[in-house]
$ cat my_file.cif   # mmCIF, C-alpha atoms
data_model
#
loop_
_atom_site.group_PDB
_atom_site.id
_atom_site.type_symbol
_atom_site.label_atom_id
_atom_site.label_comp_id
_atom_site.auth_asym_id
_atom_site.auth_seq_id
_atom_site.Cartn_x
_atom_site.Cartn_y
_atom_site.Cartn_z
ATOM 1 C CA MET A 1 15.735 -20.171 6.189
ATOM 2 C CA THR A 2 12.624 -20.055 8.375
ATOM 3 C CA ALA A 3 13.601 -16.696 9.873
ATOM 4 C CA PHE A 4 14.497 -15.365 6.421
ATOM 5 C CA LEU A 5 11.056 -16.267 5.025
ATOM 6 C CA VAL A 6 9.288 -14.597 7.934
ATOM 7 C CA ASP A 7 11.478 -11.488 7.697
ATOM 8 C CA ALA A 8 10.935 -11.298 3.930
ATOM 9 C CA GLY A 9 7.174 -11.613 4.468
ATOM 10 C CA ARG A 10 7.258 -8.894 7.108
ATOM 11 C CA ALA A 11 9.209 -6.637 4.735
ATOM 12 C CA LEU A 12 6.634 -7.163 1.968
ATOM 13 C CA LEU A 13 3.810 -6.303 4.345
ATOM 14 C CA TRP A 14 5.712 -3.238 5.590
ATOM 15 C CA LEU A 15 5.962 -2.053 1.999
ATOM 16 C CA ALA A 16 2.390 -2.783 0.975
ATOM 17 C CA ALA A 17 0.058 -2.466 3.949
ATOM 18 C CA PRO A 18 -1.913 0.750 4.434
ATOM 19 C CA ASP A 19 -0.743 2.804 7.426
ATOM 20 C CA ARG A 20 -3.815 1.874 9.435
ATOM 21 C CA ASP A 21 -3.158 -1.874 9.186
ATOM 22 C CA ARG A 22 0.632 -1.908 9.182
ATOM 23 C CA ALA A 23 0.634 -3.612 12.597
ATOM 24 C CA THR A 24 -2.623 -5.569 12.511
ATOM 25 C CA ILE A 25 -1.986 -7.577 9.325
ATOM 26 C CA PRO A 26 1.459 -8.946 10.335
ATOM 27 C CA GLY A 27 -0.049 -9.559 13.788
ATOM 28 C CA ASP A 28 -2.825 -11.701 12.278
ATOM 29 C CA LEU A 29 -0.358 -13.668 10.169
ATOM 30 C CA GLU A 30 2.099 -14.226 13.023
ATOM 31 C CA GLU A 31 -0.683 -15.409 15.300
ATOM 32 C CA GLU A 32 -1.932 -17.839 12.666
ATOM 33 C CA MET A 33 1.601 -19.038 11.973
ATOM 34 C CA ARG A 34 1.953 -19.909 15.672
ATOM 35 C CA ILE A 35 -1.415 -21.702 15.576
ATOM 36 C CA ARG A 36 -0.205 -23.745 12.588
ATOM 37 C CA VAL A 37 2.952 -24.760 14.431
ATOM 38 C CA ASP A 38 0.882 -25.668 17.515
ATOM 39 C CA GLU A 39 -1.385 -27.774 15.284
ATOM 40 C CA GLY A 40 1.642 -29.819 14.195
ATOM 41 C CA SER A 41 2.845 -28.025 11.071
ATOM 42 C CA PRO A 42 6.660 -27.963 10.717
ATOM 43 C CA GLU A 43 8.148 -24.516 11.353
ATOM 44 C CA TRP A 44 9.529 -24.188 7.820
ATOM 45 C CA SER A 45 6.092 -24.991 6.387
ATOM 46 C CA ALA A 46 4.424 -22.371 8.604
ATOM 47 C CA ALA A 47 7.087 -19.821 7.609
ATOM 48 C CA TRP A 48 6.574 -20.630 3.913
ATOM 49 C CA TRP A 49 2.834 -20.184 4.438
ATOM 50 C CA PHE A 50 3.529 -16.791 6.094
ATOM 51 C CA PHE A 51 5.670 -15.676 3.155
ATOM 52 C CA ARG A 52 3.118 -16.856 0.574
ATOM 53 C CA GLN A 53 0.344 -15.004 2.413
ATOM 54 C CA ALA A 54 2.429 -11.820 2.446
ATOM 55 C CA ALA A 55 3.314 -12.158 -1.250
ATOM 56 C CA ASN A 56 -0.300 -12.851 -2.258
ATOM 57 C CA SER A 57 -1.440 -9.868 -0.196
ATOM 58 C CA LEU A 58 0.847 -7.439 -1.994
ATOM 59 C CA LEU A 59 -1.475 -6.426 -4.849
ATOM 60 C CA PRO A 60 -4.742 -6.241 -2.854
ATOM 61 C CA LEU A 61 -3.051 -4.073 -0.206
ATOM 62 C CA LEU A 62 -1.459 -1.766 -2.774
ATOM 63 C CA ALA A 63 -4.909 -1.499 -4.384
ATOM 64 C CA VAL A 64 -6.317 -0.321 -1.039
ATOM 65 C CA ARG A 65 -3.681 2.418 -0.853
ATOM 66 C CA TRP A 66 -4.404 3.366 -4.460
ATOM 67 C CA ARG A 67 -8.123 3.605 -3.660
ATOM 68 C CA GLN A 68 -7.393 5.736 -0.591
ATOM 69 C CA GLY A 69 -5.618 8.198 -2.904
ATOM 70 C CA GLU A 70 -2.169 7.798 -1.344
ATOM 71 C CA PHE A 71 -0.355 7.464 -4.669
ATOM 72 C CA ALA A 72 -2.239 10.389 -6.196
ATOM 73 C CA ARG A 73 -1.225 12.573 -3.223
ATOM 74 C CA LEU A 74 2.385 11.422 -3.543
ATOM 75 C CA ALA A 75 2.344 12.249 -7.253
ATOM 76 C CA LEU A 76 0.919 15.703 -6.498
ATOM 77 C CA VAL A 77 3.463 16.484 -3.761
ATOM 78 C CA SER A 78 6.345 15.263 -5.923
ATOM 79 C CA LEU A 79 5.110 17.210 -8.936
ATOM 80 C CA LEU A 80 4.720 20.454 -6.983
ATOM 81 C CA ALA A 81 7.918 20.165 -4.986
ATOM 82 C CA PHE A 82 10.121 18.524 -7.599
ATOM 83 C CA GLY A 83 8.776 17.971 -11.103
ATOM 84 C CA VAL A 84 7.449 21.447 -11.828
ATOM 85 C CA PRO A 85 10.496 23.456 -10.554
ATOM 86 C CA VAL A 86 12.982 21.181 -12.318
ATOM 87 C CA ARG A 87 11.013 21.307 -15.562
ATOM 88 C CA LEU A 88 10.651 25.104 -15.313
ATOM 89 C CA LEU A 89 14.399 25.472 -14.834
ATOM 90 C CA ASP A 90 14.996 23.305 -17.880
ATOM 91 C CA LEU A 91 12.584 25.442 -19.911
ATOM 92 C CA LEU A 92 14.416 28.554 -18.706
ATOM 93 C CA TRP A 93 17.758 27.135 -19.905
ATOM 94 C CA THR A 94 16.156 26.289 -23.252
ATOM 95 C CA PHE A 95 14.827 29.846 -23.563
ATOM 96 C CA VAL A 96 18.169 31.407 -22.610
ATOM 97 C CA LEU A 97 20.057 29.261 -25.100
ATOM 98 C CA SER A 98 17.506 30.002 -27.833
ATOM 99 C CA GLN A 99 18.434 33.693 -27.506
ATOM 100 C CA VAL A 100 22.085 32.966 -28.232
ATOM 101 C CA PRO A 101 22.799 32.659 -31.991
ATOM 102 C CA LEU A 102 23.968 29.170 -33.066
ATOM 103 C CA LYS A 103 23.495 27.840 -29.524
ATOM 104 C CA ALA A 104 19.869 26.638 -29.630
ATOM 105 C CA ASP A 105 20.539 22.891 -29.828
ATOM 106 C CA ALA A 106 23.876 22.867 -28.124
ATOM 107 C CA MET A 107 24.793 20.721 -25.164
ATOM 108 C CA ARG A 108 24.268 22.460 -21.857
ATOM 109 C CA PRO A 109 27.426 24.205 -20.574
ATOM 110 C CA ASP A 110 28.930 22.605 -17.476
ATOM 111 C CA GLY A 111 27.767 25.433 -15.239
ATOM 112 C CA MET A 112 24.155 24.960 -16.343
ATOM 113 C CA VAL A 113 24.353 21.210 -15.866
ATOM 114 C CA ALA A 114 25.701 21.720 -12.357
ATOM 115 C CA ALA A 115 22.993 24.289 -11.557
ATOM 116 C CA SER A 116 20.300 21.908 -12.879
ATOM 117 C CA LEU A 117 21.631 19.089 -10.768
ATOM 118 C CA VAL A 118 21.799 21.246 -7.631
ATOM 119 C CA THR A 119 18.214 22.434 -8.225
ATOM 120 C CA ALA A 120 17.002 18.865 -8.757
ATOM 121 C CA VAL A 121 18.704 17.708 -5.574
ATOM 122 C CA ALA A 122 17.298 20.618 -3.530
ATOM 123 C CA CYS A 123 13.783 20.077 -4.917
ATOM 124 C CA ALA A 124 13.970 16.322 -4.311
ATOM 125 C CA ALA A 125 14.967 16.945 -0.691
ATOM 126 C CA CYS A 126 11.968 19.292 -0.325
ATOM 127 C CA ALA A 127 9.669 16.678 -1.876
ATOM 128 C CA GLY A 128 11.001 13.975 0.467
ATOM 129 C CA TYR A 129 10.558 16.215 3.497
ATOM 130 C CA ALA A 130 7.031 17.288 2.472
ATOM 131 C CA TRP A 131 5.896 13.715 1.792
ATOM 132 C CA ALA A 132 7.359 12.460 5.084
ATOM 133 C CA ARG A 133 5.418 15.239 6.835
ATOM 134 C CA GLU A 134 2.260 14.043 5.096
ATOM 135 C CA CYS A 135 2.883 10.401 6.086
ATOM 136 C CA ARG A 136 3.155 10.844 9.833
ATOM 137 C CA GLY A 137 4.306 7.652 11.517
ATOM 138 C CA SER A 138 5.660 5.968 8.385
ATOM 139 C CA GLU A 139 8.416 8.369 7.348
ATOM 140 C CA SER A 140 10.864 5.644 6.248
ATOM 141 C CA ARG A 141 8.427 4.103 3.799
ATOM 142 C CA ALA A 142 7.367 7.572 2.659
ATOM 143 C CA GLY A 143 11.012 8.395 1.961
ATOM 144 C CA MET A 144 11.449 5.257 -0.119
ATOM 145 C CA MET A 145 8.330 5.919 -2.176
ATOM 146 C CA CYS A 146 9.207 9.568 -2.715
ATOM 147 C CA ALA A 147 12.751 8.610 -3.751
ATOM 148 C CA LEU A 148 11.329 6.323 -6.436
ATOM 149 C CA MET A 149 8.918 9.027 -7.580
ATOM 150 C CA SER A 150 11.670 11.697 -7.685
ATOM 151 C CA ALA A 151 13.934 9.426 -9.730
ATOM 152 C CA ALA A 152 11.085 8.697 -12.146
ATOM 153 C CA LEU A 153 10.196 12.387 -12.452
ATOM 154 C CA GLN A 154 13.839 13.365 -12.975
ATOM 155 C CA GLY A 155 14.107 10.730 -15.711
ATOM 156 C CA ALA A 156 10.905 12.039 -17.313
ATOM 157 C CA CYS A 157 12.099 15.667 -17.117
ATOM 158 C CA LEU A 158 15.413 14.798 -18.789
ATOM 159 C CA ALA A 159 13.681 12.653 -21.406
ATOM 160 C CA VAL A 160 11.345 15.462 -22.518
ATOM 161 C CA SER A 161 14.037 18.136 -22.240
ATOM 162 C CA ALA A 162 15.138 19.867 -25.446
ATOM 163 C CA ALA A 163 18.766 19.458 -24.461
ATOM 164 C CA ARG A 164 20.919 16.412 -25.113
ATOM 165 C CA TRP A 165 22.039 14.753 -21.916
ATOM 166 C CA PRO A 166 24.735 12.085 -21.708
ATOM 167 C CA ALA A 167 23.440 8.739 -20.413
ATOM 168 C CA TRP A 168 25.770 8.813 -17.392
ATOM 169 C CA PHE A 169 24.364 12.200 -16.396
ATOM 170 C CA MET A 170 20.778 10.929 -16.649
ATOM 171 C CA ALA A 171 21.584 7.936 -14.450
ATOM 172 C CA ALA A 172 23.593 9.999 -11.973
ATOM 173 C CA SER A 173 20.976 12.732 -11.657
ATOM 174 C CA MET A 174 18.165 10.185 -11.156
ATOM 175 C CA CYS A 175 20.200 8.550 -8.373
ATOM 176 C CA ALA A 176 20.992 11.969 -6.885
ATOM 177 C CA ALA A 177 17.310 12.946 -6.940
ATOM 178 C CA ALA A 178 16.329 9.667 -5.250
ATOM 179 C CA ALA A 179 19.058 10.027 -2.613
ATOM 180 C CA ALA A 180 18.140 13.650 -1.910
ATOM 181 C CA SER A 181 14.481 12.768 -1.565
ATOM 182 C CA ALA A 182 15.318 9.987 0.898
ATOM 183 C CA ALA A 183 17.562 12.421 2.777
ATOM 184 C CA GLY A 184 14.669 14.899 2.978
ATOM 185 C CA SER A 185 12.441 12.298 4.615
ATOM 186 C CA LEU A 186 15.288 11.297 6.955
ATOM 187 C CA ALA A 187 15.597 14.943 7.956
ATOM 188 C CA ARG A 188 11.910 14.910 8.850
ATOM 189 C CA ARG A 189 12.417 11.746 10.936
ATOM 190 C CA TRP A 190 15.353 13.340 12.698
ATOM 191 C CA GLN A 191 13.291 16.457 13.386
ATOM 192 C CA ILE A 192 10.485 14.379 14.923
ATOM 193 C CA LYS A 193 12.981 12.498 17.076
ATOM 194 C CA LYS A 194 14.469 15.777 18.251
ATOM 195 C CA GLU A 195 11.034 17.193 19.084
ATOM 196 C CA ARG A 196 10.185 14.054 21.086
ATOM 197 C CA THR A 197 13.471 14.259 22.982
ATOM 198 C CA ALA A 198 12.786 17.916 23.792
ATOM 199 C CA ILE A 199 9.345 17.002 25.177
ATOM 200 C CA MET B 200 -27.807 2.886 -5.507
ATOM 201 C CA ARG B 201 -24.104 2.123 -5.132
ATOM 202 C CA GLY B 202 -23.423 -0.769 -2.805
ATOM 203 C CA ALA B 203 -26.831 -2.278 -3.454
ATOM 204 C CA TYR B 204 -25.310 -5.342 -5.101
ATOM 205 C CA LEU B 205 -22.518 -7.143 -3.381
ATOM 206 C CA GLY B 206 -19.856 -9.105 -5.203
ATOM 207 C CA GLU B 207 -19.420 -12.788 -4.407
ATOM 208 C CA PHE B 208 -16.372 -12.305 -2.187
ATOM 209 C CA GLU B 209 -18.003 -9.346 -0.429
ATOM 210 C CA GLN B 210 -20.959 -11.566 0.430
ATOM 211 C CA VAL B 211 -18.601 -14.280 1.654
ATOM 212 C CA VAL B 212 -16.759 -11.819 3.910
ATOM 213 C CA LEU B 213 -19.981 -10.352 5.315
ATOM 214 C CA LEU B 214 -21.356 -13.850 5.944
ATOM 215 C CA ALA B 215 -18.138 -14.747 7.777
ATOM 216 C CA LEU B 216 -18.714 -11.700 9.988
ATOM 217 C CA VAL B 217 -22.270 -12.868 10.687
ATOM 218 C CA ARG B 218 -21.079 -16.382 11.511
ATOM 219 C CA LEU B 219 -18.276 -15.202 13.797
ATOM 220 C CA GLY B 220 -20.368 -12.615 15.646
ATOM 221 C CA ASP B 221 -18.455 -10.579 18.235
ATOM 222 C CA GLY B 222 -14.675 -10.465 18.106
ATOM 223 C CA ALA B 223 -14.300 -11.119 14.379
ATOM 224 C CA TYR B 224 -10.838 -10.066 13.248
ATOM 225 C CA GLY B 225 -8.583 -10.702 10.253
ATOM 226 C CA LEU B 226 -7.252 -14.109 11.282
ATOM 227 C CA ARG B 227 -10.639 -15.552 12.269
ATOM 228 C CA ILE B 228 -12.386 -14.137 9.200
ATOM 229 C CA ARG B 229 -9.712 -15.541 6.874
ATOM 230 C CA ARG B 230 -9.797 -18.971 8.517
ATOM 231 C CA GLU B 231 -13.593 -19.058 8.519
ATOM 232 C CA ILE B 232 -13.696 -18.323 4.789
ATOM 233 C CA GLU B 233 -10.995 -20.881 4.053
ATOM 234 C CA THR B 234 -12.732 -23.564 6.099
ATOM 235 C CA ARG B 235 -16.175 -22.929 4.645
ATOM 236 C CA THR B 236 -15.251 -22.390 0.999
ATOM 237 C CA SER B 237 -12.200 -24.716 0.815
ATOM 238 C CA ARG B 238 -10.275 -22.113 -1.129
ATOM 239 C CA GLU B 239 -7.074 -20.385 -0.121
ATOM 240 C CA VAL B 240 -7.634 -16.740 0.689
ATOM 241 C CA SER B 241 -4.929 -14.147 1.294
ATOM 242 C CA ILE B 242 -5.154 -11.884 4.317
ATOM 243 C CA GLY B 243 -4.614 -8.934 1.956
ATOM 244 C CA ALA B 244 -7.718 -9.808 -0.052
ATOM 245 C CA VAL B 245 -9.752 -10.029 3.157
ATOM 246 C CA TYR B 246 -8.518 -6.656 4.435
ATOM 247 C CA ALA B 247 -8.972 -5.018 1.019
ATOM 248 C CA THR B 248 -12.574 -6.216 0.879
ATOM 249 C CA LEU B 249 -13.258 -5.164 4.468
ATOM 250 C CA ASP B 250 -11.780 -1.737 3.740
ATOM 251 C CA ARG B 251 -14.085 -1.335 0.741
ATOM 252 C CA LEU B 252 -17.108 -2.499 2.741
ATOM 253 C CA GLU B 253 -16.189 -0.121 5.559
ATOM 254 C CA SER B 254 -15.977 2.802 3.148
ATOM 255 C CA GLN B 255 -19.528 1.901 2.026
ATOM 256 C CA GLY B 256 -20.734 1.860 5.622
ATOM 257 C CA LEU B 257 -21.500 -1.871 5.616
ATOM 258 C CA VAL B 258 -18.868 -2.753 8.211
ATOM 259 C CA LEU B 259 -17.429 -1.013 11.281
ATOM 260 C CA SER B 260 -13.974 -1.582 12.697
ATOM 261 C CA SER B 261 -12.208 -0.810 15.947
ATOM 262 C CA LEU B 262 -8.807 -1.611 17.409
ATOM 263 C CA GLY B 263 -8.599 -4.320 20.047
ATOM 264 C CA ASP B 264 -5.944 -4.747 22.724
ATOM 265 C CA PRO B 265 -2.417 -5.913 21.800
ATOM 266 C CA THR B 266 -1.642 -9.507 22.818
ATOM 267 C CA PRO B 267 1.726 -11.261 23.342
ATOM 268 C CA GLU B 268 1.002 -14.061 20.830
ATOM 269 C CA ARG B 269 0.716 -11.379 18.143
ATOM 270 C CA GLY B 270 4.067 -9.848 19.043
ATOM 271 C CA GLY B 271 2.331 -7.087 20.990
ATOM 272 C CA ARG B 272 0.289 -5.987 18.002
ATOM 273 C CA ALA B 273 -3.362 -4.997 18.261
ATOM 274 C CA LYS B 274 -6.242 -6.694 16.446
ATOM 275 C CA ARG B 275 -8.674 -4.846 14.218
ATOM 276 C CA ILE B 276 -12.140 -6.052 15.194
ATOM 277 C CA PHE B 277 -14.877 -5.903 12.553
ATOM 278 C CA GLU B 278 -18.621 -5.888 12.953
ATOM 279 C CA LEU B 279 -21.535 -5.780 10.573
ATOM 280 C CA THR B 280 -23.645 -2.609 10.464
ATOM 281 C CA ALA B 281 -27.396 -2.443 9.871
ATOM 282 C CA GLY B 282 -26.591 -1.344 6.305
ATOM 283 C CA GLY B 283 -24.384 -4.410 5.870
ATOM 284 C CA ALA B 284 -27.135 -6.726 7.072
ATOM 285 C CA ALA B 285 -29.596 -5.044 4.694
ATOM 286 C CA ALA B 286 -27.172 -5.387 1.783
ATOM 287 C CA LEU B 287 -26.747 -9.099 2.554
ATOM 288 C CA ARG B 288 -30.495 -9.618 2.675
ATOM 289 C CA ARG B 289 -30.931 -7.771 -0.617
ATOM 290 C CA SER B 290 -28.217 -9.848 -2.284
ATOM 291 C CA ARG B 291 -29.871 -13.038 -1.146
ATOM 292 C CA GLU B 292 -33.268 -11.874 -2.413
ATOM 293 C CA VAL B 293 -31.743 -11.063 -5.800
ATOM 294 C CA LEU B 294 -30.105 -14.483 -6.041
ATOM 295 C CA ASP B 295 -33.206 -16.306 -4.791
ATOM 296 C CA GLY B 296 -35.266 -14.413 -7.354
ATOM 297 C CA MET B 297 -32.919 -15.456 -10.148
ATOM 298 C CA TRP B 298 -32.817 -19.090 -9.017
ATOM 299 C CA GLU B 299 -36.563 -19.422 -8.646
ATOM 300 C CA GLY B 300 -37.908 -22.009 -11.091
ATOM 301 C CA VAL B 301 -34.504 -22.550 -12.688
ATOM 302 C CA SER B 302 -33.061 -26.019 -13.142
ATOM 303 C CA ILE B 303 -29.521 -26.520 -14.364
ATOM 304 C CA ASP B 304 -29.581 -30.310 -14.162
ATOM 305 C CA GLY B 305 -29.943 -30.759 -17.937
ATOM 306 C CA LEU B 306 -27.256 -28.202 -18.850
ATOM 307 C CA PRO B 307 -23.844 -29.360 -20.124
ATOM 308 C CA GLY B 308 -20.852 -29.349 -17.754
#

$ encode --input "my_file.cif" --output "structure tokens"
Amino acid sequence: MTAFLVDAGRALLWLAAPDRDRATIPGDLEEEMRIRVDEGSPEWSAAWWFFRQAANSLLPLLAVRWRQGEFARLALVSLLAFGVPVRLLDLLWTFVLSQVPLKADAMRPDGMVAASLVTAVACAACAGYAWARECRGSESRAGMMCALMSAALQGACLAVSAARWPAWFMAASMCAAAAASAAGSLARRWQIKKERTAI
Amino acid sequence: MRGAYLGEFEQVVLLALVRLGDGAYGLRIRREIETRTSREVSIGAVYATLDRLESQGLVLSSLGDPTPERGGRAKRIFELTAGGAAALRRSREVLDGMWEGVSIDGLPG
């Protein structure tokens, strides 16, 4: 239980801390946890204190990243690499269908749905790669954040689309966009690893 | 001028830096505040405030050496700048000015 609390606290800090303090903040807390144990605190109590500190730090640390403009940059990268192309493709389908008599409000044909999904996946991978490039040194976290953003954008694009999408398709395409975005950031990690090995 | 008035917690953090002098880092600042104010403070709130103060030029930070008791992680050492000291002085003058001649003994509560 003690180890679980500490690991959970570390995970929260990994998610929330700004890049600059991703090592220093857990370092401070771990040092103080050891001091508490040395001062006679039971280990479980010190671990609970560690977890509570990490949980209470979540919002202030996210606020720091918000103030530093990290989320705005992520939104911009995701919009340019994912949201705009996917939305443009959807508008193109809408235009094409509007030119076909009695087809304006029809469900998308299977081929179009497949092409939309492939485009979304490709764009999400680009967004994940671009954001991981931007967040040098924290590619895993960047991938996770970009995956969430891609899924949200895909959901928004489908929601405002003129076409009718089945619920399963919306869920599946949001998951696919998130997975592709994470894969894009993993590709960036792999590339960095390869470059380091070459050096 | 922006930064001319410090919030209560900003003053507390800057005063902790003054009290600790050299080698003030997250753990020591947090503990100092907790000891002096008897209120629980999260490390995140301390770092968020220090980050804001640093962006206003009131605090400077640098990375210290990693130590084994921190799992090999470095410390971020904070120090007050001349601007930070001036801001603290100004805040105290403002408060002293407001308190001058005021008695709250007869007030309810």

$ closest_residue --input "my_file.cif" --among "B:Arg238, B:Thr248, B:Ala273, B:Pro265" --to "Ile25 of chain A" --atoms "only C-alpha atoms"
B:Ala273

$ residues_around --input "my_file.cif" --residues "Ile276 of chain B" --least-positions-apart "5" --cutoff "9 Å" --atoms "all atoms listed in the file" --output "VMD selection string"
chain B and resid 221 to 225 259 to 263

$ resolve_selection --input "my_file.cif" --expression "the PyMOL selection byres ((chain A and resi 17) around 9)" --output "ChimeraX atom specification"
/A:12-16,18-23,25,57-58,61-62,64-65 /B:243

$ closest_residue --input "my_file.cif" --among "A:Arg34, A:Arg87, A:Arg73, A:Lys194" --to "Gly270 of chain B" --atoms "all atoms listed in the file"
A:Arg34

$ residues_around --input "my_file.cif" --residues "Asp250 of chain B" --least-positions-apart "2" --cutoff "10 Å" --atoms "only C-alpha atoms" --output "PDB file with C-alpha atoms, keeping the file's coordinate frame"
ATOM      1  CA  LEU A  61      -3.051  -4.073  -0.206  1.00  0.00           C
ATOM      2  CA  VAL A  64      -6.317  -0.321  -1.039  1.00  0.00           C
ATOM      3  CA  ARG A  67      -8.123   3.605  -3.660  1.00  0.00           C
ATOM      4  CA  GLN A  68      -7.393   5.736  -0.591  1.00  0.00           C
TER       5      GLN A  68
ATOM      6  CA  ALA B 244      -7.718  -9.808  -0.052  1.00  0.00           C
ATOM      7  CA  VAL B 245      -9.752 -10.029   3.157  1.00  0.00           C
ATOM      8  CA  TYR B 246      -8.518  -6.656   4.435  1.00  0.00           C
ATOM      9  CA  ALA B 247      -8.972  -5.018   1.019  1.00  0.00           C
ATOM     10  CA  THR B 248     -12.574  -6.216   0.879  1.00  0.00           C
ATOM     11  CA  LEU B 252     -17.108  -2.499   2.741  1.00  0.00           C
ATOM     12  CA  GLU B 253     -16.189  -0.121   5.559  1.00  0.00           C
ATOM     13  CA  SER B 254     -15.977   2.802   3.148  1.00  0.00           C
ATOM     14  CA  GLN B 255     -19.528   1.901   2.026  1.00  0.00           C
ATOM     15  CA  GLY B 256     -20.734   1.860   5.622  1.00  0.00           C
ATOM     16  CA  LEU B 257     -21.500  -1.871   5.616  1.00  0.00           C
ATOM     17  CA  VAL B 258     -18.868  -2.753   8.211  1.00  0.00           C
ATOM     18  CA  LEU B 259     -17.429  -1.013  11.281  1.00  0.00           C
ATOM     19  CA  SER B 260     -13.974  -1.582  12.697  1.00  0.00           C
TER      20      SER B 260
END

$ resolve_selection --input "my_file.cif" --expression "the PyMOL selection byres ((chain A and resi 43-56) around 7)" --output "list in words"
Thr2, Leu5, Val6, Ala8, Gly9, Leu12, Leu13, Leu29, Met33, Arg36, Val37, Ser41, Pro42, Ser57 and Leu58 of chain A; Ser241 and Ile242 of chain B

$ axis_aligned_box --input "my_file.cif" --around "segment 231-237 of chain B" --padding-each-side "6 Å" --output "lines of an AutoDock Vina configuration file"
center_x = -13.6
center_y = -21.5
center_z = 4.7
size_x = 17.2
size_y = 18.4
size_z = 19.7

$ atom_distance --input "my_file.cif" --atom1 "atom CA of Arg189 of chain A" --atom2 "atom CA of Glu70 of chain A"
19.5 Å

$ residues_near_point --input "my_file.cif" --point "(22.0, 12.8, -9.2)" --cutoff "10 Å" --atoms "all atoms listed in the file" --output "list in words"
Ser116, Leu117, Val118, Ala120, Val121, Ala151, Gln154, Trp168, Phe169, Met170, Ala171, Ala172, Ser173, Met174, Cys175, Ala176, Ala177, Ala178, Ala179 and Ala180 of chain A

$ residues_near_point --input "my_file.cif" --point "(6.3, 13.9, -7.2)" --cutoff "7 Å" --atoms "only C-alpha atoms" --output "PyMOL selection string"
chain A and resi 74-83+127+146+149-150+153

$ atom_distance --input "my_file.cif" --atom1 "atom CA of Arg230 of chain B" --atom2 "atom CA of Glu32 of chain A"
9.0 Å

$ atom_distance --input "my_file.cif" --atom1 "atom CA of Leu97 of chain A" --atom2 "atom CA of Val113 of chain A"
13.0 Å

$ resolve_selection --input "my_file.cif" --expression "the PyMOL selection byres ((chain B and resi 290-304) around 8)" --output "tab-separated table (two decimals) with C-alpha atoms, in the frame of the given file"
chain	number	residue	atom	x	y	z
B	203	ALA	CA	-26.83	-2.28	-3.45
B	204	TYR	CA	-25.31	-5.34	-5.10
B	205	LEU	CA	-22.52	-7.14	-3.38
B	210	GLN	CA	-20.96	-11.57	0.43
B	286	ALA	CA	-27.17	-5.39	1.78
B	287	LEU	CA	-26.75	-9.10	2.55
B	288	ARG	CA	-30.50	-9.62	2.68
B	289	ARG	CA	-30.93	-7.77	-0.62
B	305	GLY	CA	-29.94	-30.76	-17.94
B	306	LEU	CA	-27.26	-28.20	-18.85
